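Source file: entry_9.cif (mmCIF, C-alpha atoms; chains and numbers go by the auth columns)
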```cif
data_protein
loop_
_atom_site.group_PDB
_atom_site.id
_atom_site.type_symbol
_atom_site.label_atom_id
_atom_site.label_comp_id
_atom_site.label_asym_id
_atom_site.label_seq_id
_atom_site.Cartn_x
_atom_site.Cartn_y
_atom_site.Cartn_z
_atom_site.B_iso_or_equiv
_atom_site.auth_seq_id
_atom_site.auth_asym_id
ATOM 1 C CA MET A 1 143.265 86.271 183.821 0.00 1 A
ATOM 2 C CA ALA A 2 141.804 86.195 180.329 0.00 2 A
ATOM 3 C CA ASN A 3 140.671 88.331 177.430 0.00 3 A
ATOM 4 C CA VAL A 4 136.966 87.570 177.565 0.00 4 A
ATOM 5 C CA GLY A 5 136.553 88.951 174.053 0.00 5 A
ATOM 6 C CA ASN A 6 138.347 85.870 172.752 0.00 6 A
ATOM 7 C CA PRO A 7 136.072 82.781 172.539 0.00 7 A
ATOM 8 C CA ALA A 8 139.040 80.408 172.953 0.00 8 A
ATOM 9 C CA ALA A 9 139.958 82.134 176.226 0.00 9 A
ATOM 10 C CA ALA A 10 136.412 81.600 177.486 0.00 10 A
ATOM 11 C CA LEU A 11 136.807 77.867 176.854 0.00 11 A
ATOM 12 C CA GLU A 12 140.161 77.886 178.640 0.00 12 A
ATOM 13 C CA ILE A 13 138.606 79.626 181.659 0.00 13 A
ATOM 14 C CA GLY A 14 136.074 76.791 181.874 0.00 14 A
ATOM 15 C CA GLU A 15 138.877 74.218 181.811 0.00 15 A
ATOM 16 C CA VAL A 16 140.803 76.094 184.512 0.00 16 A
ATOM 17 C CA GLN A 17 137.713 76.242 186.709 0.00 17 A
ATOM 18 C CA ALA A 18 137.083 72.510 186.260 0.00 18 A
ATOM 19 C CA ALA A 19 140.700 71.682 187.137 0.00 19 A
ATOM 20 C CA ALA A 20 140.534 73.971 190.180 0.00 20 A
ATOM 21 C CA ARG A 21 137.459 72.147 191.472 0.00 21 A
ATOM 22 C CA THR A 22 139.358 68.859 191.214 0.00 22 A
ATOM 23 C CA PHE A 23 141.998 70.234 193.587 0.00 23 A
ATOM 24 C CA ASP A 24 139.513 72.137 195.770 0.00 24 A
ATOM 25 C CA LEU A 25 140.958 75.521 194.749 0.00 25 A
ATOM 26 C CA ALA A 26 138.994 78.746 194.533 0.00 26 A
ATOM 27 C CA VAL A 27 139.221 80.675 191.259 0.00 27 A
ATOM 28 C CA ALA A 28 138.790 84.427 190.912 0.00 28 A
ATOM 29 C CA THR A 29 138.559 85.392 187.245 0.00 29 A
ATOM 30 C CA SER A 30 139.974 88.701 186.026 0.00 30 A
ATOM 31 C CA GLN A 31 138.310 89.640 182.785 0.00 31 A
ATOM 32 C CA ILE A 32 140.312 91.773 180.398 0.00 32 A
ATOM 33 C CA TRP A 33 138.848 93.459 177.324 0.00 33 A
ATOM 34 C CA ARG A 34 141.608 95.970 176.511 0.00 34 A
ATOM 35 C CA VAL A 35 145.028 97.175 177.646 0.00 35 A
ATOM 36 C CA GLU A 36 143.530 99.685 180.082 0.00 36 A
ATOM 37 C CA ASP A 37 141.946 96.833 182.063 0.00 37 A
ATOM 38 C CA PHE A 38 145.225 95.340 183.306 0.00 38 A
ATOM 39 C CA ALA A 39 146.009 97.731 186.184 0.00 39 A
ATOM 40 C CA PRO A 40 142.455 97.658 187.623 0.00 40 A
ATOM 41 C CA ALA A 41 142.349 93.853 187.278 0.00 41 A
ATOM 42 C CA PHE A 42 145.548 93.528 189.299 0.00 42 A
ATOM 43 C CA GLY A 43 144.180 95.991 191.847 0.00 43 A
ATOM 44 C CA ALA A 44 141.106 93.788 192.235 0.00 44 A
ATOM 45 C CA LEU A 45 143.313 90.726 192.772 0.00 45 A
ATOM 46 C CA LYS A 46 145.259 92.323 195.613 0.00 46 A
ATOM 47 C CA GLY A 47 144.697 90.253 198.735 0.00 47 A
ATOM 48 C CA ARG A 48 142.444 87.791 196.866 0.00 48 A
ATOM 49 C CA ALA A 49 144.965 85.738 194.895 0.00 49 A
ATOM 50 C CA ASP A 50 147.873 83.513 195.877 0.00 50 A
ATOM 51 C CA ALA A 51 148.902 82.885 192.254 0.00 51 A
ATOM 52 C CA LEU A 52 147.943 83.931 188.741 0.00 52 A
ATOM 53 C CA TYR A 53 147.267 81.817 185.669 0.00 53 A
ATOM 54 C CA VAL A 54 147.074 83.773 182.418 0.00 54 A
ATOM 55 C CA CYS A 55 145.211 82.324 179.434 0.00 55 A
ATOM 56 C CA ALA A 56 147.407 82.392 176.339 0.00 56 A
ATOM 57 C CA GLU A 57 146.016 84.581 173.586 0.00 57 A
ATOM 58 C CA PRO A 58 147.142 87.593 171.518 0.00 58 A
ATOM 59 C CA LEU A 59 146.175 90.452 173.884 0.00 59 A
ATOM 60 C CA MET A 60 147.895 88.732 176.798 0.00 60 A
ATOM 61 C CA ASN A 61 150.920 87.816 174.707 0.00 61 A
ATOM 62 C CA VAL A 62 151.478 91.378 173.491 0.00 62 A
ATOM 63 C CA ASN A 63 151.212 92.605 177.098 0.00 63 A
ATOM 64 C CA ARG A 64 153.242 89.838 178.765 0.00 64 A
ATOM 65 C CA VAL A 65 155.910 92.234 180.091 0.00 65 A
ATOM 66 C CA ARG A 66 153.211 94.480 181.590 0.00 66 A
ATOM 67 C CA ILE A 67 151.476 91.478 183.176 0.00 67 A
ATOM 68 C CA ASN A 68 154.736 90.193 184.642 0.00 68 A
ATOM 69 C CA THR A 69 155.687 93.642 185.952 0.00 69 A
ATOM 70 C CA LEU A 70 152.331 94.043 187.698 0.00 70 A
ATOM 71 C CA ALA A 71 152.489 90.500 189.100 0.00 71 A
ATOM 72 C CA LEU A 72 156.057 91.005 190.316 0.00 72 A
ATOM 73 C CA GLY A 73 154.987 94.211 192.066 0.00 73 A
ATOM 74 C CA MET A 74 152.396 92.176 193.977 0.00 74 A
ATOM 75 C CA ARG A 75 154.851 89.279 194.547 0.00 75 A
ATOM 76 C CA LEU A 76 152.310 87.082 192.766 0.00 76 A
ATOM 77 C CA PRO A 77 153.571 83.795 191.241 0.00 77 A
ATOM 78 C CA THR A 78 152.493 83.436 187.608 0.00 78 A
ATOM 79 C CA MET A 79 151.768 80.371 185.486 0.00 79 A
ATOM 80 C CA TYR A 80 151.412 80.335 181.722 0.00 80 A
ATOM 81 C CA GLY A 81 150.867 77.912 178.881 0.00 81 A
ATOM 82 C CA SER A 82 153.700 79.338 176.789 0.00 82 A
ATOM 83 C CA ARG A 83 157.419 79.817 177.423 0.00 83 A
ATOM 84 C CA GLU A 84 157.493 83.365 175.945 0.00 84 A
ATOM 85 C CA TYR A 85 155.809 84.664 179.090 0.00 85 A
ATOM 86 C CA VAL A 86 158.530 83.133 181.281 0.00 86 A
ATOM 87 C CA GLU A 87 161.274 84.510 179.058 0.00 87 A
ATOM 88 C CA ALA A 88 159.625 87.917 179.662 0.00 88 A
ATOM 89 C CA GLY A 89 159.825 87.525 183.457 0.00 89 A
ATOM 90 C CA GLY A 90 156.981 85.185 184.397 0.00 90 A
ATOM 91 C CA LEU A 91 157.567 82.440 186.954 0.00 91 A
ATOM 92 C CA MET A 92 156.741 79.258 185.042 0.00 92 A
ATOM 93 C CA SER A 93 155.014 77.754 182.042 0.00 93 A
ATOM 94 C CA TYR A 94 153.887 74.361 180.898 0.00 94 A
ATOM 95 C CA GLY A 95 152.699 73.997 177.349 0.00 95 A
ATOM 96 C CA ALA A 96 153.165 72.582 173.901 0.00 96 A
ATOM 97 C CA ASN A 97 156.608 72.917 172.358 0.00 97 A
ATOM 98 C CA MET A 98 155.896 75.339 169.510 0.00 98 A
ATOM 99 C CA PRO A 99 158.974 74.565 167.356 0.00 99 A
ATOM 100 C CA ASP A 100 157.890 70.908 167.395 0.00 100 A
ATOM 101 C CA LEU A 101 154.368 71.908 166.291 0.00 101 A
ATOM 102 C CA PHE A 102 155.769 74.032 163.470 0.00 102 A
ATOM 103 C CA ARG A 103 157.936 71.134 162.247 0.00 103 A
ATOM 104 C CA ARG A 104 154.908 68.856 162.281 0.00 104 A
ATOM 105 C CA ALA A 105 152.886 71.482 160.396 0.00 105 A
ATOM 106 C CA ALA A 106 155.620 71.543 157.750 0.00 106 A
ATOM 107 C CA ASP A 107 155.118 67.797 157.309 0.00 107 A
ATOM 108 C CA TYR A 108 151.443 68.485 156.592 0.00 108 A
ATOM 109 C CA VAL A 109 152.327 71.164 154.051 0.00 109 A
ATOM 110 C CA ASP A 110 154.693 68.712 152.356 0.00 110 A
ATOM 111 C CA LYS A 111 151.966 66.054 152.168 0.00 111 A
ATOM 112 C CA ILE A 112 149.462 68.532 150.728 0.00 112 A
ATOM 113 C CA LEU A 113 151.948 69.798 148.135 0.00 113 A
ATOM 114 C CA ARG A 114 152.553 66.186 147.125 0.00 114 A
ATOM 115 C CA GLY A 115 148.836 65.727 146.456 0.00 115 A
ATOM 116 C CA ALA A 116 147.249 64.641 149.745 0.00 116 A
ATOM 117 C CA LYS A 117 143.790 65.997 150.394 0.00 117 A
ATOM 118 C CA PRO A 118 143.732 68.092 153.591 0.00 118 A
ATOM 119 C CA ALA A 119 140.432 66.479 154.639 0.00 119 A
ATOM 120 C CA ASP A 120 142.111 63.066 154.566 0.00 120 A
ATOM 121 C CA LEU A 121 144.904 64.065 156.963 0.00 121 A
ATOM 122 C CA PRO A 122 144.353 63.242 160.635 0.00 122 A
ATOM 123 C CA VAL A 123 144.039 65.945 163.271 0.00 123 A
ATOM 124 C CA GLU A 124 146.973 65.659 165.640 0.00 124 A
ATOM 125 C CA GLN A 125 147.425 66.786 169.219 0.00 125 A
ATOM 126 C CA PRO A 126 150.711 68.141 170.572 0.00 126 A
ATOM 127 C CA THR A 127 153.004 65.389 171.822 0.00 127 A
ATOM 128 C CA LYS A 128 155.932 67.389 173.192 0.00 128 A
ATOM 129 C CA PHE A 129 155.446 69.732 176.150 0.00 129 A
ATOM 130 C CA ASP A 130 157.917 71.975 177.976 0.00 130 A
ATOM 131 C CA LEU A 131 158.117 73.020 181.620 0.00 131 A
ATOM 132 C CA VAL A 132 160.078 76.277 181.938 0.00 132 A
ATOM 133 C CA ILE A 133 160.918 77.861 185.303 0.00 133 A
ATOM 134 C CA ASN A 134 162.405 81.312 185.885 0.00 134 A
ATOM 135 C CA LEU A 135 164.523 81.228 189.060 0.00 135 A
ATOM 136 C CA ILE A 136 165.276 84.946 188.777 0.00 136 A
ATOM 137 C CA THR A 137 161.566 85.671 189.185 0.00 137 A
ATOM 138 C CA ALA A 138 161.215 83.070 191.943 0.00 138 A
ATOM 139 C CA LYS A 139 163.979 84.791 193.909 0.00 139 A
ATOM 140 C CA ALA A 140 162.468 88.248 193.292 0.00 140 A
ATOM 141 C CA ILE A 141 159.128 87.196 194.795 0.00 141 A
ATOM 142 C CA GLY A 142 160.715 85.222 197.630 0.00 142 A
ATOM 143 C CA LEU A 143 159.617 81.812 196.380 0.00 143 A
ATOM 144 C CA GLU A 144 161.740 78.684 196.733 0.00 144 A
ATOM 145 C CA VAL A 145 161.136 76.221 193.919 0.00 145 A
ATOM 146 C CA PRO A 146 161.386 72.607 195.128 0.00 146 A
ATOM 147 C CA PRO A 147 164.405 70.717 193.748 0.00 147 A
ATOM 148 C CA THR A 148 162.119 67.930 192.510 0.00 148 A
ATOM 149 C CA LEU A 149 160.244 70.429 190.310 0.00 149 A
ATOM 150 C CA LEU A 150 163.502 71.924 189.038 0.00 150 A
ATOM 151 C CA ALA A 151 164.707 68.430 188.135 0.00 151 A
ATOM 152 C CA ARG A 152 161.599 67.913 185.969 0.00 152 A
ATOM 153 C CA ALA A 153 161.958 71.250 184.161 0.00 153 A
ATOM 154 C CA ASP A 154 162.959 71.235 180.504 0.00 154 A
ATOM 155 C CA GLU A 155 164.562 74.645 180.996 0.00 155 A
ATOM 156 C CA VAL A 156 165.523 76.700 184.038 0.00 156 A
ATOM 157 C CA ILE A 157 166.254 80.397 183.576 0.00 157 A
ATOM 158 C CA GLU A 158 168.884 81.483 186.112 0.00 158 A
#
```

What is this file in structure tokens?
Amino acid sequence: MANVGNPAAALEIGEVQAAARTFDLAVATSQIWRVEDFAPAFGALKGRADALYVCAEPLMNVNRVRINTLALGMRLPTMYGSREYVEAGGLMSYGANMPDLFRRAADYVDKILRGAKPADLPVEQPTKFDLVINLITAKAIGLEVPPTLLARADEVIE
């Protein structure tokens, strides 16, 4: 599910589709433009989806409780790239650790304030990622999370 009005989400959809092909999974894309599109999008997914991946972007983030409520009503497992969605009732997320990114950004600000030219600073990729699993949601949708996955999680919400 993605806000197709956001160019970054369109790129993410392409990456999801490529990854799905690698694992021989079928992808049904739900395109969201505005808040009113959520309920019909979930209606269209009924009977067609075994799980839901939601592209992280502002419209989805603001509506994360709504998305999780609709998904829970369909007993649809959800996957996100940001922990905030899981804290709001989603099943699981795997993504960059945002506090770590903010600390690293502060290092850049410090370097710039000390005279470094921004163009001379290297572009960095995230190096710390978090897997967060919500067992309350798993239980609500009747899903048993394997112990090996729980053991790998950085945080388990119980």

Using all atoms listed in the file for the distances, tell me which of A:Ala116, A:Leu143, A:Ile133, A:Cys55 is nearest to Ala8 of chain A.
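Between A:Ala116, A:Leu143, A:Ile133, A:Cys55, the residue approaching Ala8 of chain A most closely is A:Cys55.
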
Coordinates of box centre and edge lengths for segment 69-72 of chain A, 8 Å on every side, axis-aligned, as JSON:
```
{"center_x": 154.2, "center_y": 92.3, "center_z": 188.1, "size_x": 19.7, "size_y": 19.5, "size_z": 20.4}
```

Find the residues around Pro147 of chain A up to 12 Å (all atoms listed in the file counted), leave out those fewer than 5 positions away in its own chain, and share them as a PyMOL selection string.
chain A and resi 133+135+152-153+156

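Nearest to Asn6 of chain A of all the residues A:Ala18, A:Ala41, A:Met60, A:Ala140 is A:Met60, counting only C-alpha atoms.
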
What is the distance between atom CA of Gly115 of chain A and atom CA of Phe102 of chain A, in Å to one decimal?
20.2 Å

So, with all atoms listed in the file as the atoms that count, which of A:Ile141, A:Leu91, A:Glu12, A:Pro7 lies closest to Arg75 of chain A?
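Nearest candidate to Arg75 of chain A out of A:Ile141, A:Leu91, A:Glu12, A:Pro7: A:Ile141.
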
Separation of atom CA of Gly14 of chain A from atom CA of Glu57 of chain A, in Å and rounded to one decimal:
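For atom CA of Gly14 of chain A relative to atom CA of Glu57 of chain A, the distance reads 15.1 Å.
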
When distances are computed from all atoms listed in the file, which of A:Ile67, A:Leu11, A:Pro77, A:Asp100 shows the smallest separation from Asp50 of chain A?
A:Pro77

Report as a ChimeraX atom specification the residues that result from applying the PyMOL selection byres ((chain A and resi 93) around 10) to the structure here.
/A:53-54,78-87,90-92,94-96,129-134,153

Can you turn the PyMOL selection byres ((chain A and resi 3) around 10) into a concrete residue list for this file, as a ChimeraX atom specification?
/A:1-2,4-10,13,30-35,37,54-60

May I have the residues within 12 Å of Arg103 of chain A as an NGL selection string, using all atoms listed in the file and disregarding those fewer than 6 positions away in the same chain?
:A and (97 or 109-110 or 126 or 128)

Please indicate the distance in Å from atom CA of Pro122 of chain A to atom CA of Val16 of chain A, rounded to one decimal place.
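Taking atom CA of Pro122 of chain A and atom CA of Val16 of chain A, their separation equals 27.3 Å.
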
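Each of A:Ala28, A:Ala105, A:Ala138, A:Ala44 was checked against Val123 of chain A using all atoms listed in the file; the smallest atom-to-atom distance is that of A:Ala105.
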
Which residues, named as in the file, does the PyMOL selection byres ((chain A and resi 46) around 12) pick out? Answer as a ChimeraX atom specification.
/A:28,30,39-45,47-52,70-71,73-76
